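A.B. asks: What follows is model_16.cif, mmCIF, C-alpha atoms.
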data_protein
loop_
_atom_site.label_atom_id
_atom_site.label_comp_id
_atom_site.auth_asym_id
_atom_site.auth_seq_id
_atom_site.Cartn_x
_atom_site.Cartn_y
_atom_site.Cartn_z
CA MET A 275 0.00 0.00 0.00
CA ASN A 276 1.10 3.58 -0.58
CA ASN A 277 0.95 5.96 2.38
CA ARG A 278 -2.51 7.28 1.60
CA GLU A 279 -3.91 3.77 1.23
CA LEU A 280 -2.22 2.73 4.46
CA PHE A 281 -3.80 5.68 6.27
CA HIS A 282 -7.30 4.68 5.15
CA ALA A 283 -6.65 1.05 6.05
CA THR A 284 -5.44 2.09 9.50
CA MET A 285 -8.49 4.26 10.08
CA LYS A 286 -10.64 1.21 9.36
CA HIS A 287 -8.41 -1.06 11.49
CA GLU A 288 -7.62 -3.06 8.35
CA ASN A 289 -3.87 -2.40 8.11
CA GLY A 290 -2.83 -5.78 9.51
CA ASN A 291 0.80 -5.67 10.63
CA GLN A 292 1.67 -2.62 8.51
CA LEU A 293 2.42 0.49 10.56
CA LEU A 294 2.12 4.06 9.27
CA HIS A 295 4.66 6.53 10.65
CA MET A 296 3.71 10.23 10.71
CA GLU A 297 5.04 13.37 12.36
CA GLN A 298 3.59 16.83 12.92
CA GLY A 299 6.77 18.73 12.12
CA PHE A 300 10.55 19.11 12.36
CA ASN A 301 11.21 22.85 12.06
CA ILE A 302 12.15 23.25 15.75
CA VAL A 303 15.14 20.91 15.36
CA TYR A 304 16.17 21.74 11.81
CA LYS A 305 19.01 24.17 12.59
CA GLN A 306 20.57 21.87 15.19
CA TRP A 307 20.28 18.85 12.92
CA LYS A 308 22.10 20.74 10.17
CA LYS A 309 25.00 21.13 12.59
CA ASP A 310 24.81 17.45 13.51
CA GLY A 311 25.05 15.99 10.03
CA LEU A 312 21.76 16.52 8.21
CA PRO A 313 22.67 16.78 4.50
CA LYS A 314 22.78 20.31 3.14
CA ASN A 315 20.28 19.56 0.38
CA VAL A 316 17.46 18.80 2.87
CA GLU A 317 15.27 21.89 3.13
CA ASP A 318 13.42 23.16 6.19
CA THR A 319 9.62 23.02 5.95
CA ASN A 320 7.00 23.30 8.65
CA PHE A 321 4.90 20.76 6.77
CA PRO A 322 5.46 18.49 3.77
CA THR A 323 5.52 20.16 0.38
CA LEU A 324 5.43 18.94 -3.20
CA SER A 325 8.39 21.07 -4.22
CA LYS A 326 11.21 19.34 -6.09
CA SER A 327 13.49 19.81 -3.10
CA LEU A 328 14.07 17.07 -0.53
CA ASN A 329 12.51 17.97 2.83
CA LEU A 330 12.77 16.37 6.25
CA PHE A 331 9.64 14.28 5.78
CA ASP A 332 11.15 12.78 2.64
CA TYR A 333 14.56 12.27 4.25
CA MET A 334 13.15 10.58 7.35
CA ASN A 335 10.53 8.65 5.36
CA ALA A 336 7.78 9.95 7.65
CA THR A 337 4.50 10.99 6.15
CA GLY A 338 2.69 14.17 7.16
CA TYR A 339 -0.17 16.48 6.27
CA LEU A 340 -0.34 18.18 2.88
CA TYR A 341 -2.74 20.95 3.82
CA CYS A 342 -5.39 22.63 1.70
CA MET A 343 -6.99 25.63 3.38
CA PHE A 344 -9.46 28.48 3.17
CA ASP A 345 -9.82 31.68 5.21
CA GLN A 346 -12.14 31.03 8.17
CA PHE A 347 -11.69 34.37 9.81
CA CYS A 348 -12.08 38.06 9.06
CA ILE A 349 -12.84 39.05 5.47
CA PRO A 350 -12.24 41.95 5.28
CA PRO A 351 -9.56 41.76 7.99
CA PHE A 352 -9.03 44.30 10.72
CA ASP A 353 -6.29 46.83 10.03
CA GLU A 354 -2.99 45.56 11.38
CA GLU A 355 -0.95 48.03 13.40
CA ILE A 356 2.24 48.04 15.49
CA LEU A 357 1.32 49.88 18.69
CA SER A 358 4.72 49.91 20.40
CA GLU A 359 8.15 48.37 19.91
CA SER A 360 11.30 47.89 22.01
CA SER A 361 14.61 46.11 21.59
CA ASP A 362 13.19 42.68 22.43
CA ARG A 363 9.39 42.84 22.00
CA LYS A 364 6.54 44.53 20.23
CA THR A 365 2.84 45.16 20.81
CA TYR A 366 0.55 45.06 17.81
CA ARG A 367 -3.01 44.50 16.64
CA ASN A 368 -3.47 41.63 14.19
CA SER A 369 -5.90 40.99 11.36
CA GLN A 370 -8.39 39.38 13.78
CA GLY A 371 -8.59 42.56 15.89
CA VAL A 372 -6.56 41.03 18.72
CA THR A 373 -3.91 43.11 20.52
CA LEU A 374 -0.83 41.01 21.28
CA MET A 375 2.58 41.46 22.83
CA GLU A 376 5.36 39.14 21.68
CA ARG A 377 9.09 38.78 22.03
CA THR A 378 11.20 39.55 18.99
CA VAL A 379 14.30 37.71 20.24
CA PRO A 380 14.39 34.03 21.25
CA ALA A 381 13.02 33.31 24.70
CA VAL A 382 15.56 30.49 25.11
CA GLU A 383 19.13 31.22 24.07
CA GLY A 384 20.33 29.03 21.25
CA THR A 385 16.85 28.34 19.86
CA ASN A 386 14.75 30.04 17.21
CA SER A 387 11.62 30.29 19.37
CA CYS A 388 10.39 33.61 20.70
CA GLY A 389 7.55 31.96 22.58
CA LEU A 390 3.83 32.47 22.17
CA PRO A 391 2.35 36.00 21.95
CA HIS A 392 0.60 37.34 25.05
CA GLU A 393 -3.04 38.36 24.54
CA ILE A 394 -3.76 41.88 25.78
CA ASP A 395 -7.09 43.00 24.34
CA PHE A 396 -9.81 42.03 21.85
CA THR A 397 -11.95 44.07 19.51
CA ILE A 398 -14.76 41.54 19.94
CA LYS A 399 -15.72 41.00 23.59
CA THR A 400 -19.52 41.31 23.62
CA ILE A 401 -22.43 40.33 21.39
CA VAL A 402 -22.70 43.99 20.34
CA ASP A 403 -19.05 43.92 19.22
CA TYR A 404 -19.67 40.76 17.23
CA GLN A 405 -22.85 42.01 15.59
CA LYS A 406 -21.02 45.18 14.57
CA ASN A 407 -18.29 43.09 12.90
CA ARG A 408 -20.35 40.10 11.85
CA TYR A 409 -20.00 41.03 8.17
CA ARG A 410 -16.36 39.99 8.44
CA PHE A 411 -17.27 36.40 9.39
CA ILE A 412 -20.11 35.58 7.01
CA GLY A 413 -20.26 35.60 3.24
CA ASN A 414 -17.35 36.82 1.11
CA ILE A 415 -16.91 33.19 0.09
CA GLU A 416 -14.93 33.83 -3.10
CA ASP A 417 -12.46 35.94 -1.14
CA ARG A 418 -11.88 33.05 1.26
CA ILE A 419 -10.64 30.75 -1.50
CA ASP A 420 -7.43 31.11 -3.47
CA ASP A 421 -8.50 30.11 -6.98
CA LEU A 422 -4.97 30.45 -8.35
CA TRP A 423 -3.66 28.07 -5.68
CA ILE A 424 -6.37 25.56 -6.60
CA GLN A 425 -5.50 25.80 -10.30
CA GLN A 426 -1.80 25.27 -9.59
CA ASN A 427 -1.97 22.66 -6.81
CA ALA A 428 -5.26 20.74 -6.75
CA GLU A 429 -4.26 18.03 -9.20
CA ALA A 430 -1.00 17.32 -7.38
CA HIS A 431 -2.77 17.20 -4.02
CA ARG A 432 -5.38 14.89 -5.48
CA THR A 433 -2.99 12.45 -7.16
CA GLN A 434 0.15 12.34 -4.98
CA GLN A 435 0.57 9.22 -2.82
CA ASP A 436 3.24 10.05 -0.22
CA PHE A 437 1.45 12.47 2.11
CA LEU A 438 -2.06 12.84 3.48
CA THR A 439 -4.02 15.51 1.68
CA ALA A 440 -5.80 17.25 4.53
CA LEU A 441 -8.40 19.98 4.71
CA TRP A 442 -7.46 22.22 7.63
CA VAL A 443 -10.15 23.84 9.79
CA ASN A 444 -10.20 25.29 13.29
CA GLY A 445 -12.53 23.51 15.66
CA PRO A 446 -15.12 25.57 17.57
CA PHE A 447 -12.84 26.39 20.50
CA GLY A 448 -9.88 26.91 18.17
CA PHE A 449 -11.96 29.39 16.20
CA LEU A 450 -13.18 31.26 19.29
CA ARG A 451 -9.73 31.57 20.88
CA ASN A 452 -8.38 33.25 17.73
CA ILE A 453 -11.05 35.95 17.92
CA ILE A 454 -11.84 36.45 21.62
CA GLY A 455 -8.88 34.77 23.33
CA ASN A 456 -8.54 31.72 25.56
CA VAL A 457 -10.04 33.22 28.71
CA ASN A 458 -13.07 34.70 26.95
CA ALA A 459 -13.59 31.45 25.06
CA MET A 460 -13.80 29.70 28.42
CA ILE A 461 -16.12 32.11 30.26
CA LEU A 462 -18.37 33.71 27.62
CA PRO A 463 -20.36 30.50 26.96
CA TYR A 464 -21.73 31.07 30.49
CA TYR A 465 -22.30 34.83 30.29
CA GLU A 466 -22.94 35.43 26.58
CA PRO A 467 -24.37 32.14 25.28
CA GLU A 468 -26.26 33.82 22.42
CA MET A 469 -23.02 35.39 21.21
CA ILE A 470 -21.17 32.05 21.26
CA GLU A 471 -24.02 30.27 19.49
CA MET A 472 -24.09 32.95 16.80
CA MET A 473 -20.30 32.89 16.31
CA LEU A 474 -20.12 29.11 16.00
CA SER A 475 -23.15 28.93 13.72
CA ASP A 476 -21.58 31.55 11.45
CA HIS A 477 -18.23 29.77 11.48
CA LEU A 478 -19.86 26.47 10.56
CA GLU A 479 -21.96 27.93 7.74
CA THR A 480 -19.07 29.95 6.31
CA SER A 481 -16.70 26.98 6.51
CA MET A 482 -19.16 24.75 4.68
CA ALA A 483 -19.62 27.26 1.90
CA ALA A 484 -15.89 27.91 1.50
CA ALA A 485 -14.65 24.33 1.82
CA GLU A 486 -16.79 22.73 -0.87
CA LYS A 487 -14.78 23.98 -3.84
CA ILE A 488 -11.50 22.91 -2.24
CA ILE A 489 -12.85 19.47 -1.32
CA ARG A 490 -14.12 18.81 -4.84
CA ALA A 491 -10.81 19.94 -6.36
CA CYS A 492 -8.31 18.33 -3.95
CA LYS A 493 -10.18 15.22 -2.75
CA PRO A 494 -8.67 15.31 0.75
CA ASP A 495 -8.12 12.08 2.68
CA MET A 496 -9.34 13.67 5.88
CA CYS A 497 -10.14 16.90 7.67
CA PHE A 498 -7.59 18.04 10.24
CA ILE A 499 -9.24 19.85 13.16
CA TRP A 500 -6.98 22.19 15.13
CA GLU A 501 -8.57 22.38 18.57
CA ASP A 502 -5.91 23.17 21.18
CA CYS A 503 -8.14 23.48 24.23
CA CYS A 504 -6.48 21.36 26.92
CA GLY A 505 -3.80 21.98 29.50
CA ARG A 506 -1.78 19.49 31.47
CA THR A 507 -4.55 19.05 34.06
CA GLY A 508 -7.50 18.93 31.69
CA PRO A 509 -9.65 20.74 29.10
CA PHE A 510 -10.59 24.41 29.15
CA ILE A 511 -14.14 23.33 28.29
CA ALA A 512 -16.55 21.81 30.80
CA PRO A 513 -18.36 18.72 29.50
CA GLU A 514 -21.75 20.44 29.68
CA ILE A 515 -20.42 23.38 27.65
CA PHE A 516 -19.01 20.94 25.09
CA ASP A 517 -22.38 19.19 24.85
CA LYS A 518 -24.26 22.44 24.34
CA PHE A 519 -21.99 24.38 22.01
CA MET A 520 -19.28 22.16 20.52
CA ALA A 521 -20.85 18.74 19.95
CA PRO A 522 -23.53 20.08 17.56
CA TRP A 523 -20.79 21.82 15.54
CA TYR A 524 -18.83 18.55 15.19
CA ARG A 525 -21.87 16.49 14.23
CA GLU A 526 -22.95 18.93 11.53
CA TRP A 527 -19.43 19.36 10.17
CA LYS A 528 -18.89 15.59 10.02
CA SER A 529 -22.21 15.06 8.21
CA TYR A 530 -21.29 17.78 5.71
CA LEU A 531 -17.85 16.26 5.03
CA LYS A 532 -19.23 12.76 4.52
CA SER A 533 -21.73 14.12 2.01
CA LEU A 534 -18.72 15.27 -0.05
CA GLY A 535 -16.77 12.04 0.34
CA VAL A 536 -14.44 13.03 3.21
CA HIS A 537 -14.89 10.31 5.82
CA TRP A 538 -12.29 11.04 8.49
CA LEU A 539 -12.04 13.75 11.15
CA VAL A 540 -8.60 13.89 12.83
CA LEU A 541 -8.46 16.11 15.90
CA ASP A 542 -5.34 17.75 17.33
CA THR A 543 -5.45 18.91 20.93
CA ASP A 544 -2.52 19.09 23.33
CA GLY A 545 -2.48 18.40 27.05
CA ASN A 546 -4.95 16.18 28.86
CA PRO A 547 -8.27 15.73 27.01
CA SER A 548 -9.53 12.93 29.28
CA PRO A 549 -12.99 14.31 30.27
CA LEU A 550 -13.86 14.99 26.62
CA VAL A 551 -12.30 12.04 24.78
CA THR A 552 -15.47 9.96 24.63
CA ARG A 553 -17.54 13.02 23.73
CA TRP A 554 -15.27 13.91 20.81
CA TYR A 555 -15.42 10.44 19.33
CA GLU A 556 -19.18 10.24 19.82
CA ALA A 557 -19.58 13.63 18.11
CA GLY A 558 -17.81 12.41 14.96
CA VAL A 559 -14.03 12.55 15.56
CA ASP A 560 -12.31 9.47 14.11
CA CYS A 561 -8.74 9.89 15.38
CA MET A 562 -7.09 11.98 18.11
CA LEU A 563 -3.52 13.18 18.62
CA PRO A 564 -0.91 13.75 20.00
CA TRP A 565 -1.63 12.16 23.45
CA GLU A 566 1.15 13.97 25.35
CA VAL A 567 2.76 11.52 27.75
CA ASN A 568 3.30 14.09 30.52
CA ALA A 569 -0.45 14.79 30.60
CA VAL A 570 -2.47 11.73 29.59
CA ASP A 571 -2.15 7.95 29.36
CA MET A 572 -3.08 7.02 25.78
CA LEU A 573 -2.71 3.32 26.54
CA LYS A 574 -5.47 3.52 29.14
CA PHE A 575 -7.95 4.90 26.60
CA ALA A 576 -6.71 2.49 23.95
CA GLU A 577 -7.54 -0.44 26.21
CA GLU A 578 -10.90 0.97 27.30
CA TYR A 579 -11.98 1.92 23.75
CA PRO A 580 -10.36 -0.56 21.34
CA HIS A 581 -12.30 0.78 18.34
CA TYR A 582 -10.90 4.33 18.69
CA THR A 583 -8.13 5.26 16.24
CA MET A 584 -5.15 7.07 17.79
CA MET A 585 -1.97 8.77 16.68
CA GLY A 586 1.07 9.72 18.78
CA GLY A 587 1.73 8.88 22.40
CA ILE A 588 5.49 8.26 21.91
CA TYR A 589 7.34 10.36 24.46
CA LYS A 590 9.20 13.16 22.66
CA HIS A 591 11.80 13.40 25.46
CA MET A 592 12.96 9.80 25.03
CA PHE A 593 15.93 11.20 23.09
CA GLU A 594 17.33 12.83 26.24
CA PRO A 595 17.17 10.17 29.00
CA GLY A 596 20.20 11.63 30.79
CA ASP A 597 18.49 14.99 31.35
CA PRO A 598 17.79 15.59 35.07
CA SER A 599 14.08 16.11 34.33
CA GLN A 600 13.90 12.56 32.92
CA VAL A 601 15.66 10.76 35.77
CA GLY A 602 13.61 7.77 36.85
CA ARG A 603 11.50 7.55 33.71
CA PHE A 604 13.90 5.31 31.79
CA LYS A 605 15.93 2.34 32.98
CA SER A 606 18.97 3.51 31.02
CA THR A 607 20.56 6.89 30.34
CA ASP A 608 21.71 5.59 26.94
CA TYR A 609 19.46 7.23 24.35
CA LYS A 610 19.23 4.17 22.10
CA LYS A 611 18.13 1.95 24.98
CA ALA A 612 15.66 4.60 26.15
CA ILE A 613 14.15 4.81 22.66
CA ASP A 614 13.91 1.02 22.46
CA GLU A 615 12.24 0.98 25.88
CA GLU A 616 9.66 3.60 24.89
CA LEU A 617 8.75 1.88 21.63
CA GLU A 618 8.35 -1.40 23.49
CA ARG A 619 6.04 0.38 25.95
CA VAL A 620 3.84 2.13 23.37
CA VAL A 621 4.20 0.79 19.85
CA LYS A 622 4.23 -2.92 20.64
CA PRO A 623 0.79 -3.01 22.33
CA MET A 624 -0.71 -0.42 19.98
CA THR A 625 0.28 -2.28 16.81
CA LYS A 626 -1.14 -5.47 18.28
CA ARG A 627 -4.37 -3.59 19.09
CA GLY A 628 -4.62 -1.91 15.65
CA GLY A 629 -5.99 1.45 14.64
CA TYR A 630 -2.73 3.18 15.53
CA ILE A 631 -0.48 5.66 13.69
CA ALA A 632 3.03 5.95 15.13
CA ALA A 633 4.14 9.49 15.98
CA LEU A 634 5.83 11.50 18.70
CA ASP A 635 3.52 13.09 21.25
CA HIS A 636 4.06 16.48 19.58
CA TRP A 637 6.48 18.03 17.10
CA ALA A 638 10.10 16.88 17.20
CA PHE A 639 11.14 19.03 20.16
CA TRP A 640 14.33 20.61 21.51
CA GLY A 641 16.44 17.72 22.68
CA THR A 642 15.38 15.49 19.77
CA THR A 643 18.82 14.58 18.43
CA PHE A 644 19.58 13.81 14.80
CA ASP A 645 21.18 10.44 15.59
CA GLY A 646 18.44 9.62 18.06
CA TYR A 647 15.67 10.30 15.58
CA LYS A 648 17.36 8.15 12.95
CA HIS A 649 17.54 5.32 15.48
CA TYR A 650 13.84 5.80 16.32
CA ARG A 651 12.93 5.76 12.62
CA GLU A 652 14.83 2.54 12.04
CA ARG A 653 13.50 0.81 15.16
CA LEU A 654 9.94 1.47 13.98
CA CYS A 655 10.71 -0.93 11.12
CA ASP A 656 10.87 -3.72 13.70
CA TYR A 657 7.21 -2.97 14.49
CA GLY A 658 6.07 -3.07 10.87
CA LYS A 659 6.75 0.45 9.64
CA ALA A 660 5.50 0.33 6.05
CA ASN A 661 5.91 3.88 4.77
CA VAL A 662 6.48 4.17 1.03
CA SER A 663 7.98 7.36 -0.38
CA LYS A 664 8.26 7.56 -4.18
CA ARG A 665 9.06 11.22 -4.66
CA PHE A 666 12.79 10.73 -5.06
CA LYS A 667 12.98 7.15 -6.30
#
For this file, write the structure as structure tokens.

C.D. replies:
Amino acid sequence: MNNRELFHATMKHENGNQLLHMEQGFNIVYKQWKKDGLPKNVEDTNFPTLSKSLNLFDYMNATGYLYCMFDQFCIPPFDEEILSESSDRKTYRNSQGVTLMERTVPAVEGTNSCGLPHEIDFTIKTIVDYQKNRYRFIGNIEDRIDDLWIQQNAEAHRTQQDFLTALWVNGPFGFLRNIIGNVNAMILPYYEPEMIEMMLSDHLETSMAAAEKIIRACKPDMCFIWEDCCGRTGPFIAPEIFDKFMAPWYREWKSYLKSLGVHWLVLDTDGNPSPLVTRWYEAGVDCMLPWEVNAVDMLKFAEEYPHYTMMGGIYKHMFEPGDPSQVGRFKSTDYKKAIDEELERVVKPMTKRGGYIAALDHWAFWGTTFDGYKHYRERLCDYGKANVSKRFK
């Protein structure tokens, strides 16, 4: 099977002993890996591309998401403006009307990360604010689609076999947090329920209208839902709020996708989703990721719900077993033995169970060494890794 066929077989628990290996991304480690021996002709990409250049997904023979997208947010956008600037940070208003402060130099010396922006203020905070700006979130469908991109890329996305062609959409919480911020997205369902219902209804209707042309042109394998709404101790959404506001959105979106031939919903949420896992699957989600080891026990849910499809759950810090923060987690401080130990813990039972896609429990993170990742990639072959990359053969 090619990678796309293997994905569909895995989603149906029909992949037998063939294991699909995916990753979310490598850009965090790219610069360090270049110093550690990564060939110079391997380009840095956040996600897989169909360019003629070799990228890290090709080099590591790991599949990933080939995204096709539309604009879910403000059309026309809010005017962007830099409000203040210093030697190491700036405050600005973005195209969603959100005022943010962010660092302009790396937060951790020796890395390329400046950390996440800090939310300061929001143009939309009340139902009156939303009604005043509602014209930005509904209609304008043609402006939400890049027709030139479709003309130039749809056929390749439709016919390629190495990566998963994926329609990207923000889930209901992911949409809200981009417009009104995390805190407001948590509390306004209680105080402004009509506003939240209106915003999510508009987002759903607009997304359906904008996505159809892309779906028909690109024939995506699945829809990737970005829904980061969980911290280490649990979700930012109470179960009753999920049932009232989010579950109807998922059910309608899933029904719409199936009507156009897209059968799989893959949901990405970090942290500990435990109280909502069953609700997500029952609302139409087919696969969840990344199951961060420091927050949630994927194996527990895998045993309790053997028909759920899962991706991830391989501890991203297994490459650094000698780090003081990892003392006691691994039997050995040798990175190869620690990797072997982690794959035995996770991949062995999950491949036996079925319905599993091997992946780290997030992006390849700081501390993921070049030699360590190559060892991890090769050891996955012992568990049936069956990725097939034809781009450079």

A.B. asks: Interatomic distance between CA of Cys504 in chain A and CA of Arg651 in chain A?

C.D. replies: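 So the two atoms, CA of Cys504 in chain A and CA of Arg651 in chain A, lie 28.7 Å apart.
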
A.B. asks: For the provided coordinates, the residues matched by the PyMOL selection byres ((chain A and resi 594-608) around 12) should be stated as a list in words.

C.D. replies: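 For this structure, the PyMOL selection byres ((chain A and resi 594-608) around 12) captures Val567, Asn568, Tyr589, Lys590, His591, Met592, Phe593, Tyr609, Lys610, Lys611, Ala612, Ile613, Asp614, Glu615, Glu616, Leu617, Arg619, Phe639, Trp640, Gly641, Thr642, Thr643, Phe644, Asp645, Gly646 and Tyr647 of chain A.
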
A.B. asks: Given only C-alpha atoms as the basis, pick out the residue of A:Leu541, A:Val457, A:Met275, A:Ala633 nearest to Asp560 in chain A.

C.D. replies: A:Leu541

A.B. asks: Please evaluate the PyMOL selection byres ((chain A and resi 325-341) around 7) against the structure above and give the resulting residues as a list in words.

C.D. replies: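 When the PyMOL selection byres ((chain A and resi 325-341) around 7) is applied to the shown file, the picked residues are His295, Met296, Glu297, Gln298, Asn315, Val316, Glu317, Asp318, Thr319, Phe321, Pro322, Thr323, Leu324, Cys342, Met343, Asp436, Phe437, Leu438, Thr439, Ala440, Leu441, Trp442, Asn661 and Ser663 of chain A.
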
A.B. asks: I would like the residues chosen by the PyMOL selection byres ((chain A and resi 390) around 10) on the shown file; could you give them as an NGL selection string?

C.D. replies: :A and (374-377 or 381 or 387-389 or 391-393)

A.B. asks: Export, as a PDB file, keeping the file's coordinate frame, the selected residues with C-alpha atoms.

C.D. replies:
ATOM      1  CA  LEU A 374      -0.830  41.010  21.280  1.00  0.00           C
ATOM      2  CA  MET A 375       2.580  41.460  22.830  1.00  0.00           C
ATOM      3  CA  GLU A 376       5.360  39.140  21.680  1.00  0.00           C
ATOM      4  CA  ARG A 377       9.090  38.780  22.030  1.00  0.00           C
ATOM      5  CA  ALA A 381      13.020  33.310  24.700  1.00  0.00           C
ATOM      6  CA  SER A 387      11.620  30.290  19.370  1.00  0.00           C
ATOM      7  CA  CYS A 388      10.390  33.610  20.700  1.00  0.00           C
ATOM      8  CA  GLY A 389       7.550  31.960  22.580  1.00  0.00           C
ATOM      9  CA  PRO A 391       2.350  36.000  21.950  1.00  0.00           C
ATOM     10  CA  HIS A 392       0.600  37.340  25.050  1.00  0.00           C
ATOM     11  CA  GLU A 393      -3.040  38.360  24.540  1.00  0.00           C
TER      12      GLU A 393
END

A.B. asks: Report, in Å to a single decimal, how far apart CA of Met482 in chain A and CA of Gln434 in chain A are.

C.D. replies: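 CA of Gln434 in chain A sits 24.9 Å away from CA of Met482 in chain A.
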
A.B. asks: Separation of CA of Glu577 in chain A and CA of Met285 in chain A, in Å?

C.D. replies: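 Answer for the CA of Glu577 in chain A to CA of Met285 in chain A separation: 16.8 Å.
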
A.B. asks: Identify, on the basis of all atoms listed in the file, every residue whose closest approach to range 418-420 of chain A does not exceed 10 Å; exclude the query and any residue fewer than 4 positions from it along the same chain; express the result as an NGL selection string.

C.D. replies: :A and (343-350 or 413-414 or 424-425 or 480-481 or 483-485 or 487-488)

A.B. asks: Pick the closest to Met585 in chain A from A:Val443, A:Val570, A:Ile631, A:Ala660: which is it, counting only C-alpha atoms?

C.D. replies: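 Comparing A:Val443, A:Val570, A:Ile631, A:Ala660 against Met585 in chain A, the winner is A:Ile631.
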
A.B. asks: Pick out the residues sitting within 7 Å of Gly299 in chain A, and hand them over as a VMD selection string; count only C-alpha atoms, and ignore anything fewer than 3 positions along from it in its own chain.

C.D. replies: chain A and resid 320 to 321 637 to 638
